[in-house]
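Data from entry21.txt: compact mmCIF, C-alpha atoms
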```
# COMPACT_ATOMS: atom_id res chain seq x y z
CA MET E 1 11.66 11.44 -3.30
CA GLU E 2 12.59 15.03 -2.65
CA ALA E 3 12.07 17.36 -5.60
CA LEU E 4 15.62 18.65 -5.13
CA SER E 5 17.01 15.21 -5.93
CA THR E 6 15.74 15.47 -9.51
CA ASN E 7 15.90 19.21 -10.15
CA LEU E 8 19.08 19.65 -12.18
CA ALA E 9 18.94 23.44 -12.00
CA TYR E 10 19.43 23.18 -8.23
CA ARG E 11 22.83 21.60 -8.81
CA HIS E 12 24.14 24.89 -10.22
CA THR E 13 23.13 27.06 -7.29
CA LEU E 14 25.28 28.44 -4.50
CA ARG E 15 23.01 26.70 -2.01
CA PHE E 16 23.84 23.31 -3.55
CA ARG E 17 27.59 23.98 -3.48
CA LEU E 18 27.49 25.14 0.13
CA ARG E 19 25.41 22.15 1.12
CA GLY E 20 27.88 19.80 -0.58
CA ALA E 21 30.90 21.39 1.09
CA SER E 22 29.20 21.20 4.50
CA LEU E 23 28.28 17.55 4.02
CA VAL E 24 31.80 16.62 2.92
CA LEU E 25 33.16 18.22 6.10
CA LEU E 26 30.53 16.54 8.25
CA SER E 27 31.25 13.22 6.55
CA SER E 28 34.96 13.51 7.35
CA ILE E 29 34.24 14.26 11.01
CA TYR E 30 31.68 11.43 11.23
CA HIS E 31 34.15 9.01 9.64
CA ARG E 32 36.75 9.87 12.31
CA LEU E 33 34.27 9.46 15.14
CA TYR E 34 32.72 6.17 14.00
CA ASP E 35 34.20 3.10 12.33
CA ARG E 36 32.64 3.01 8.87
CA GLU E 37 33.89 -0.48 8.05
CA GLN E 38 32.34 -1.83 11.24
CA ASP E 39 29.04 -0.05 10.61
CA PHE E 40 28.90 -1.26 7.01
CA ALA E 41 29.44 -4.83 8.20
CA THR E 42 26.11 -4.62 10.07
CA PRO E 43 23.77 -7.32 8.72
CA ARG E 44 20.81 -5.57 7.09
CA VAL E 45 18.87 -5.03 3.88
CA HIS E 46 19.45 -1.59 2.40
CA ILE E 47 17.40 -0.47 -0.62
CA PHE E 48 18.96 2.36 -2.63
CA ALA E 49 16.91 4.82 -4.67
CA LEU E 50 18.00 7.05 -7.56
CA HIS E 51 16.33 8.76 -10.51
CA HIS E 52 18.96 8.97 -13.22
CA VAL E 53 22.63 8.49 -14.09
CA LEU E 54 23.39 11.19 -16.64
CA PRO E 55 26.63 11.12 -18.69
CA ASP E 56 28.43 13.41 -16.22
CA GLU E 57 27.28 11.18 -13.35
CA GLU E 58 28.45 7.82 -14.71
CA ALA E 59 31.94 7.97 -13.18
CA LEU E 60 30.44 8.93 -9.82
CA PHE E 61 27.95 6.08 -9.98
CA ARG E 62 30.66 3.59 -10.93
CA ASP E 63 32.82 4.81 -8.02
CA PHE E 64 29.90 4.40 -5.60
CA LEU E 65 29.33 0.84 -6.85
CA GLN E 66 32.99 -0.03 -6.41
CA GLN E 67 32.84 1.12 -2.80
CA ILE E 68 29.56 -0.66 -2.09
CA CYS E 69 30.50 -3.97 -3.70
CA ARG E 70 33.66 -4.09 -1.64
CA THR E 71 31.71 -4.29 1.63
CA HIS E 72 28.20 -5.47 0.68
CA THR E 73 26.40 -8.30 -1.11
CA THR E 74 24.23 -7.09 -3.98
CA ILE E 75 20.91 -8.86 -4.49
CA SER E 76 17.84 -8.37 -6.67
CA TYR E 77 15.00 -6.14 -5.53
CA LEU E 78 12.70 -9.15 -5.22
CA GLU E 79 15.20 -11.01 -3.07
CA ALA E 80 15.60 -7.92 -0.89
CA VAL E 81 11.85 -7.74 -0.36
CA LYS E 82 11.70 -11.46 0.45
CA ARG E 83 14.52 -11.14 2.97
CA ILE E 84 12.74 -8.21 4.60
CA GLN E 85 9.66 -10.41 4.79
CA HIS E 86 11.15 -13.71 5.95
CA GLY E 87 14.93 -13.35 6.30
CA PRO E 88 17.57 -14.39 6.73
CA ILE E 89 19.30 -11.06 7.14
CA ASP E 90 22.71 -12.49 7.92
CA ARG E 91 25.02 -10.05 6.13
CA PRO E 92 24.91 -6.54 4.64
CA TYR E 93 22.68 -6.78 1.55
CA VAL E 94 21.96 -3.95 -0.87
CA THR E 95 19.76 -3.53 -3.91
CA PHE E 96 19.08 -0.64 -6.27
CA SER E 97 15.97 1.09 -7.58
CA PHE E 98 15.35 3.95 -10.02
CA ASP E 99 12.22 6.09 -10.29
CA ASP E 100 10.55 7.71 -13.34
CA GLY E 101 12.00 5.70 -16.25
CA VAL E 102 14.20 8.28 -17.98
CA SER E 103 16.41 6.78 -20.68
CA SER E 104 19.66 7.37 -18.77
CA CYS E 105 18.53 4.42 -16.66
CA LEU E 106 19.82 2.26 -19.53
CA SER E 107 23.33 3.55 -18.81
CA ALA E 108 22.80 2.85 -15.12
CA ALA E 109 21.74 -0.71 -15.96
CA ARG E 110 24.89 -1.27 -18.02
CA ILE E 111 27.06 -0.06 -15.14
CA LEU E 112 25.18 -2.27 -12.70
CA ASP E 113 25.75 -5.21 -15.06
CA GLU E 114 29.51 -4.59 -14.86
CA PHE E 115 29.32 -5.30 -11.13
CA GLY E 116 26.86 -8.17 -11.31
CA ALA E 117 24.22 -5.99 -9.65
CA SER E 118 20.61 -5.37 -10.65
CA ALA E 119 17.84 -2.86 -10.04
CA CYS E 120 14.11 -2.38 -10.08
CA PHE E 121 13.13 0.43 -12.44
CA PHE E 122 9.88 2.08 -11.34
CA VAL E 123 8.21 3.49 -14.44
CA VAL E 124 5.21 5.67 -15.26
CA PRO E 125 3.37 3.96 -18.15
CA THR E 126 2.12 7.27 -19.57
CA PHE E 127 5.74 8.46 -19.83
CA VAL E 128 7.08 5.31 -21.52
CA GLY E 129 8.45 6.07 -24.99
CA ALA E 130 7.43 9.76 -24.79
CA ILE E 131 8.97 12.04 -27.43
CA GLY E 132 8.64 15.64 -28.57
CA ALA E 133 6.15 17.84 -26.75
CA ASN E 134 5.05 14.99 -24.48
CA ALA E 135 8.61 14.32 -23.39
CA GLN E 136 9.03 18.04 -22.66
CA LYS E 137 5.82 18.10 -20.61
CA TYR E 138 6.68 14.99 -18.62
CA SER E 139 10.26 16.14 -18.01
CA ALA E 140 8.99 19.45 -16.66
CA ALA E 141 6.58 17.60 -14.36
CA LEU E 142 9.62 15.82 -12.87
CA GLY E 143 11.59 19.04 -12.44
CA LEU E 144 13.97 18.09 -15.26
CA PRO E 145 15.12 19.70 -18.50
CA LEU E 146 14.06 17.84 -21.65
CA MET E 147 14.68 14.13 -21.12
CA SER E 148 13.94 11.07 -23.20
CA PHE E 149 12.13 8.15 -21.64
CA MET E 150 12.66 4.42 -21.97
CA SER E 151 10.43 2.61 -24.45
CA TRP E 152 8.55 -0.64 -23.92
CA ASP E 153 11.31 -2.38 -25.92
CA HIS E 154 13.90 -0.94 -23.53
CA LEU E 155 11.95 -2.28 -20.57
CA GLU E 156 11.76 -5.72 -22.18
CA GLN E 157 15.55 -5.62 -22.66
CA LEU E 158 16.06 -4.73 -19.00
CA LYS E 159 13.94 -7.72 -17.98
CA LEU E 160 16.07 -10.00 -20.17
CA THR E 161 19.19 -8.84 -18.33
CA LYS E 162 17.65 -9.75 -14.94
CA HIS E 163 16.48 -6.29 -13.93
CA GLU E 164 12.93 -5.73 -12.66
CA ILE E 165 10.25 -3.26 -13.71
CA GLY E 166 8.09 -1.69 -11.03
CA ALA E 167 5.10 0.66 -11.03
CA HIS E 168 5.31 4.37 -10.23
CA THR E 169 1.65 5.33 -10.87
CA MET E 170 0.00 5.97 -14.20
CA THR E 171 0.77 9.71 -14.49
CA HIS E 172 3.04 10.54 -11.49
CA LYS E 173 0.40 12.21 -9.32
CA ASN E 174 0.65 13.05 -5.64
CA LEU E 175 -1.46 10.19 -4.29
CA ALA E 176 -2.31 12.04 -1.08
CA LEU E 177 -4.41 14.43 -3.18
CA CYS E 178 -6.23 11.82 -5.26
CA SER E 179 -9.86 10.75 -5.05
CA ASP E 180 -10.76 7.06 -4.92
CA GLN E 181 -11.37 6.98 -8.67
CA GLU E 182 -8.04 8.65 -9.33
CA LEU E 183 -6.30 6.18 -7.02
CA ALA E 184 -7.90 3.28 -8.86
CA ASP E 185 -6.57 4.71 -12.13
CA GLU E 186 -3.14 5.71 -10.83
CA VAL E 187 -2.46 2.48 -8.91
CA GLY E 188 -4.70 -0.29 -10.20
CA HIS E 189 -4.66 0.65 -13.88
CA CYS E 190 -0.89 1.16 -13.69
CA ARG E 191 -0.42 -2.44 -12.55
CA GLU E 192 -2.81 -3.75 -15.18
CA THR E 193 -0.91 -1.89 -17.91
CA LEU E 194 2.46 -3.23 -16.84
CA ILE E 195 1.15 -6.78 -16.63
CA GLU E 196 -0.38 -6.43 -20.10
CA ARG E 197 2.83 -5.03 -21.63
CA LEU E 198 5.51 -6.86 -19.64
CA GLY E 199 3.81 -9.88 -18.09
CA GLU E 200 4.23 -8.93 -14.44
CA SER E 201 4.20 -6.09 -11.95
CA LEU E 202 5.19 -6.95 -8.39
CA HIS E 203 6.51 -3.74 -6.88
CA PHE E 204 5.20 -0.21 -6.42
CA ALA E 205 6.85 3.05 -5.33
CA TRP E 206 4.79 6.18 -4.80
CA PRO E 207 5.80 9.50 -6.42
CA PHE E 208 7.61 12.14 -4.38
CA GLY E 209 8.23 9.51 -1.70
CA ARG E 210 7.39 11.31 1.52
CA GLN E 211 4.75 10.28 4.02
CA SER E 212 2.82 13.45 3.16
CA ASN E 213 2.54 12.18 -0.45
CA PHE E 214 0.77 8.97 0.59
CA SER E 215 -2.27 8.11 2.72
CA PRO E 216 -4.23 5.21 4.24
CA ARG E 217 -6.55 5.44 1.24
CA ALA E 218 -3.65 5.12 -1.21
CA HIS E 219 -2.25 2.30 0.91
CA PHE E 220 -5.53 0.45 0.57
CA HIS E 221 -5.49 0.78 -3.23
CA VAL E 222 -1.92 -0.55 -3.43
CA ILE E 223 -2.94 -3.63 -1.46
CA LYS E 224 -6.16 -4.01 -3.45
CA ALA E 225 -4.25 -3.86 -6.75
CA GLY E 226 -2.19 -6.87 -5.68
CA PHE E 227 1.30 -5.41 -5.43
CA PHE E 228 3.81 -7.51 -3.49
CA SER E 229 5.61 -4.46 -2.10
CA CYS E 230 5.32 -0.69 -1.89
CA ALA E 231 8.21 1.71 -1.27
CA SER E 232 8.64 5.24 0.00
CA GLY E 233 11.55 7.57 -0.70
CA MET E 234 12.49 7.99 2.96
CA ARG E 235 15.74 6.81 4.47
CA GLY E 236 15.93 3.55 6.36
CA CYS E 237 17.08 -0.07 6.24
CA TYR E 238 16.19 -3.40 7.84
CA ARG E 239 18.18 -5.40 10.37
CA ASN E 240 15.43 -7.92 11.14
CA PRO E 241 12.66 -9.48 9.05
CA MET E 242 9.55 -7.30 9.13
CA PRO E 243 6.66 -8.76 7.07
CA GLU E 244 4.42 -5.86 8.08
CA ALA E 245 6.77 -3.39 6.32
CA LEU E 246 6.27 -4.76 2.81
CA HIS E 247 3.75 -2.16 1.76
CA LEU E 248 5.63 0.74 3.34
CA LEU E 249 9.31 0.19 2.62
CA TRP E 250 12.16 2.56 3.38
CA ARG E 251 14.62 3.43 0.60
CA GLU E 252 17.94 5.26 0.92
CA SER E 253 18.35 8.14 -1.54
CA VAL E 254 21.86 7.96 -3.08
CA PRO E 255 21.85 10.29 -6.13
CA ALA E 256 25.03 9.77 -8.11
CA TYR E 257 25.71 13.51 -8.52
CA GLN E 258 25.93 13.88 -4.74
CA GLY E 259 29.21 11.97 -4.72
CA THR E 260 30.34 8.78 -3.02
CA GLN E 261 31.59 10.35 0.21
CA ILE E 262 28.29 12.07 0.95
CA ASN E 263 26.21 9.03 0.01
CA LEU E 264 28.32 6.81 2.28
CA PHE E 265 27.89 9.31 5.10
CA PHE E 266 24.09 9.21 4.83
CA MET E 267 24.18 5.41 4.67
CA GLN E 268 26.29 5.20 7.81
CA HIS E 269 24.04 7.69 9.59
CA THR E 270 21.01 5.56 8.71
CA ILE E 271 22.68 2.41 10.01
CA ARG E 272 23.72 4.01 13.29
CA ASN E 273 20.33 5.62 13.94
CA LEU E 274 18.11 2.77 12.79
CA THR E 275 15.34 1.94 15.26
CA ASN E 276 13.89 -0.76 12.99
CA GLY E 277 10.50 0.90 13.16
CA ILE E 278 8.11 0.93 10.24
CA LEU E 279 6.25 3.63 8.42
CA SER E 280 2.60 2.93 9.01
CA TRP E 281 -0.91 4.19 9.42
CA PRO E 282 -3.84 2.54 11.19
CA ALA E 283 -5.13 -0.34 9.09
CA PRO E 284 -7.69 1.10 6.67
CA ASN E 285 -11.29 0.13 7.23
CA HIS E 286 -12.34 -1.31 3.87
CA GLU E 287 -15.95 -0.29 4.55
CA ASP E 288 -14.82 3.32 4.36
CA PHE E 289 -13.80 3.04 0.72
```
Could I get this structure in the form of structure tokens?
Amino acid sequence: MEALSTNLAYRHTLRFRLRGASLVLLSSIYHRLYDREQDFATPRVHIFALHHVLPDEEALFRDFLQQICRTHTTISYLEAVKRIQHGPIDRPYVTFSFDDGVSSCLSAARILDEFGASACFFVVPTFVGAIGANAQKYSAALGLPLMSFMSWDHLEQLKLTKHEIGAHTMTHKNLALCSDQELADEVGHCRETLIERLGESLHFAWPFGRQSNFSPRAHFHVIKAGFFSCASGMRGCYRNPMPEALHLLWRESVPAYQGTQINLFFMQHTIRNLTNGILSWPAPNHEDF
């Protein structure tokens, strides 16, 4: 996912305020030109992606959920992946995901519970339970001020309340820059650790989320590790079942701080411009690895 989506300092810049004002204006114009209710009724699977819901973002996140639940059916991440694979996609379905595993995700989970919704929390095992200097170091690596991170007990609690825990690499590296040994550690060892600590690990999302942060080689290691799905941080949704998309899924970035109106605008734009293509590379030749 874009670095700007997690960099809190950016939210206090003139550039951020001007961007927000421009997007609110564009959203209003777009809403007048196109019927939002009709677009939102489009049958599809839409996977949302966030990083955190800080205390000053909770009201915004709750407002976004109220708007979404009025027009969409919320489902689990696993059900969303299965519907993308086999269908049916017979109504507008949405599911939520969070990257990095900061402790404010616990607040997000409680708000989701209020609406009967769930999420997949993609965590970095090395970051889990980090405190002190380690927490400072890992927060800085994510472009954040000092944050606390969920513990293994927190992740167990999330599982008990029907949320899912996914893998986000072992140390949050840019996989496009990794050697084969590093990919084995970042991807394969990450899955092994989550299975050992939590009993399962079905889903993977790569750090930074853009196509330039992934590669055919990384794709091969995700498949080799045995993950059921793999997600990007690039906008998109699914109108028809697409089994071939499972290891290269689109996710819609909807940061709470951006505000409901802007997030709904980007959603509607995605729906109207969807070509139902998939992010892909040529199938990797296993003999090359």
Please identify all polymer residues within 12 Å of Tyr30 (chain E), counting all atoms listed in the file, omitting same-chain residues fewer than 2 positions from it, and present them as a VMD selection string. chain E and resid 23 to 28 32 to 36 39 261 to 262 264 to 269 272
Got a sec: who's within 10 Å of region 237-244 of chain E, counting only C-alpha atoms, leaving out chain neighbours fewer than 6 positions off, as a ChimeraX atom specification? /E:42-48,80-94,250-252,267,270-271,274-280
May I ask which of the residues E:Phe149, E:Phe227, E:Phe121, E:Phe204 is the closest one to Ser104 (chain E), counting all atoms listed in the file? E:Phe149
Per-residue nearest contacts of region 70-126 of chain E to region 167-175 of chain E (8 Å; only C-alpha atoms) as JSON lines:
```
{"residue": "E:Asp99", "atom": "CA", "partner": "E:His168", "partner_atom": "CA", "distance": 7.1}
{"residue": "E:Asp100", "atom": "CA", "partner": "E:His168", "partner_atom": "CA", "distance": 6.9}
{"residue": "E:Phe122", "atom": "CA", "partner": "E:Ala167", "partner_atom": "CA", "distance": 5.0}
{"residue": "E:Val123", "atom": "CA", "partner": "E:His168", "partner_atom": "CA", "distance": 5.2}
{"residue": "E:Val124", "atom": "CA", "partner": "E:His168", "partner_atom": "CA", "distance": 5.2}
{"residue": "E:Pro125", "atom": "CA", "partner": "E:Met170", "partner_atom": "CA", "distance": 5.6}
{"residue": "E:Thr126", "atom": "CA", "partner": "E:Thr171", "partner_atom": "CA", "distance": 5.8}
```
Using C-alpha atoms, can you write the selected residues to a file as a CSV table (one decimal), in the coordinates of the input?
```
chain,number,residue,atom,x,y,z
E,99,ASP,CA,12.2,6.1,-10.3
E,100,ASP,CA,10.6,7.7,-13.3
E,122,PHE,CA,9.9,2.1,-11.3
E,123,VAL,CA,8.2,3.5,-14.4
E,124,VAL,CA,5.2,5.7,-15.3
E,125,PRO,CA,3.4,4.0,-18.2
E,126,THR,CA,2.1,7.3,-19.6
```
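The smallest atom-to-atom distance between Ala108 (chain E) and any of E:Leu50, E:Ala135, E:Leu202, E:Val254, using only C-alpha atoms, is found for E:Leu50.
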From the list E:Leu54, E:Ile75, E:Ala49, E:Leu248, which residue is nearest His163 (chain E) when using only C-alpha atoms? E:Ile75
Name the closest residue to Leu142 (chain E) among the candidates E:His52, E:Glu58, E:Lys224, E:Ala184; distances are taken between atoms, counting all atoms listed in the file. E:His52
Neighbour list for region 59-74 of chain E as a PDB file with C-alpha atoms, in the coordinates of the input, cut-off 9 Å, all atoms listed in the file, skip fewer than 2 positions in-chain:
```
ATOM      1  CA  GLU E  37      33.890  -0.480   8.050  1.00  0.00           C
ATOM      2  CA  PHE E  40      28.900  -1.260   7.010  1.00  0.00           C
ATOM      3  CA  ALA E  41      29.440  -4.830   8.200  1.00  0.00           C
ATOM      4  CA  VAL E  53      22.630   8.490 -14.090  1.00  0.00           C
ATOM      5  CA  PRO E  55      26.630  11.120 -18.690  1.00  0.00           C
ATOM      6  CA  ASP E  56      28.430  13.410 -16.220  1.00  0.00           C
ATOM      7  CA  GLU E  57      27.280  11.180 -13.350  1.00  0.00           C
ATOM      8  CA  SER E  76      17.840  -8.370  -6.670  1.00  0.00           C
ATOM      9  CA  ARG E  91      25.020 -10.050   6.130  1.00  0.00           C
ATOM     10  CA  PRO E  92      24.910  -6.540   4.640  1.00  0.00           C
ATOM     11  CA  TYR E  93      22.680  -6.780   1.550  1.00  0.00           C
ATOM     12  CA  VAL E  94      21.960  -3.950  -0.870  1.00  0.00           C
ATOM     13  CA  THR E  95      19.760  -3.530  -3.910  1.00  0.00           C
ATOM     14  CA  PHE E  96      19.080  -0.640  -6.270  1.00  0.00           C
ATOM     15  CA  ALA E 108      22.800   2.850 -15.120  1.00  0.00           C
ATOM     16  CA  ILE E 111      27.060  -0.060 -15.140  1.00  0.00           C
ATOM     17  CA  LEU E 112      25.180  -2.270 -12.700  1.00  0.00           C
ATOM     18  CA  PHE E 115      29.320  -5.300 -11.130  1.00  0.00           C
ATOM     19  CA  GLY E 116      26.860  -8.170 -11.310  1.00  0.00           C
ATOM     20  CA  ALA E 117      24.220  -5.990  -9.650  1.00  0.00           C
ATOM     21  CA  SER E 118      20.610  -5.370 -10.650  1.00  0.00           C
ATOM     22  CA  PRO E 255      21.850  10.290  -6.130  1.00  0.00           C
ATOM     23  CA  ALA E 256      25.030   9.770  -8.110  1.00  0.00           C
ATOM     24  CA  TYR E 257      25.710  13.510  -8.520  1.00  0.00           C
ATOM     25  CA  GLN E 258      25.930  13.880  -4.740  1.00  0.00           C
ATOM     26  CA  GLY E 259      29.210  11.970  -4.720  1.00  0.00           C
ATOM     27  CA  THR E 260      30.340   8.780  -3.020  1.00  0.00           C
ATOM     28  CA  GLN E 261      31.590  10.350   0.210  1.00  0.00           C
ATOM     29  CA  ASN E 263      26.210   9.030   0.010  1.00  0.00           C
ATOM     30  CA  LEU E 264      28.320   6.810   2.280  1.00  0.00           C
TER      31      LEU E 264
END
```
note - CA of Ser103 (chain E) and CA of Met150 (chain E) are separated by 4.6 Å
I'd like the neighbourhood of Val222 (chain E) as a PyMOL selection string, where a residue qualifies if any of its atoms comes within 12 Å (using all atoms listed in the file), though same-chain residues fewer than 5 positions away should be ignored. chain E and resi 167-169+175+180+183-191+201-206+214-217+227-231+246-248+284
In Å, rounded to a single decimal, give me how far CA of Ser107 (chain E) is from CA of Lys159 (chain E).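 These atoms are spaced 14.7 Å apart.
Of the residues listed (E:Gly166, E:Gly143, E:Pro207, E:Gly101), E:Gly101 shows the shortest atom-to-atom separation from His51 (chain E); distances use only C-alpha atoms.
Between Ser212 (chain E) and the candidates E:Met234, E:Ala109, E:Leu78, E:Ala225, the tightest atom-to-atom separation, counting all atoms listed in the file, involves E:Met234.
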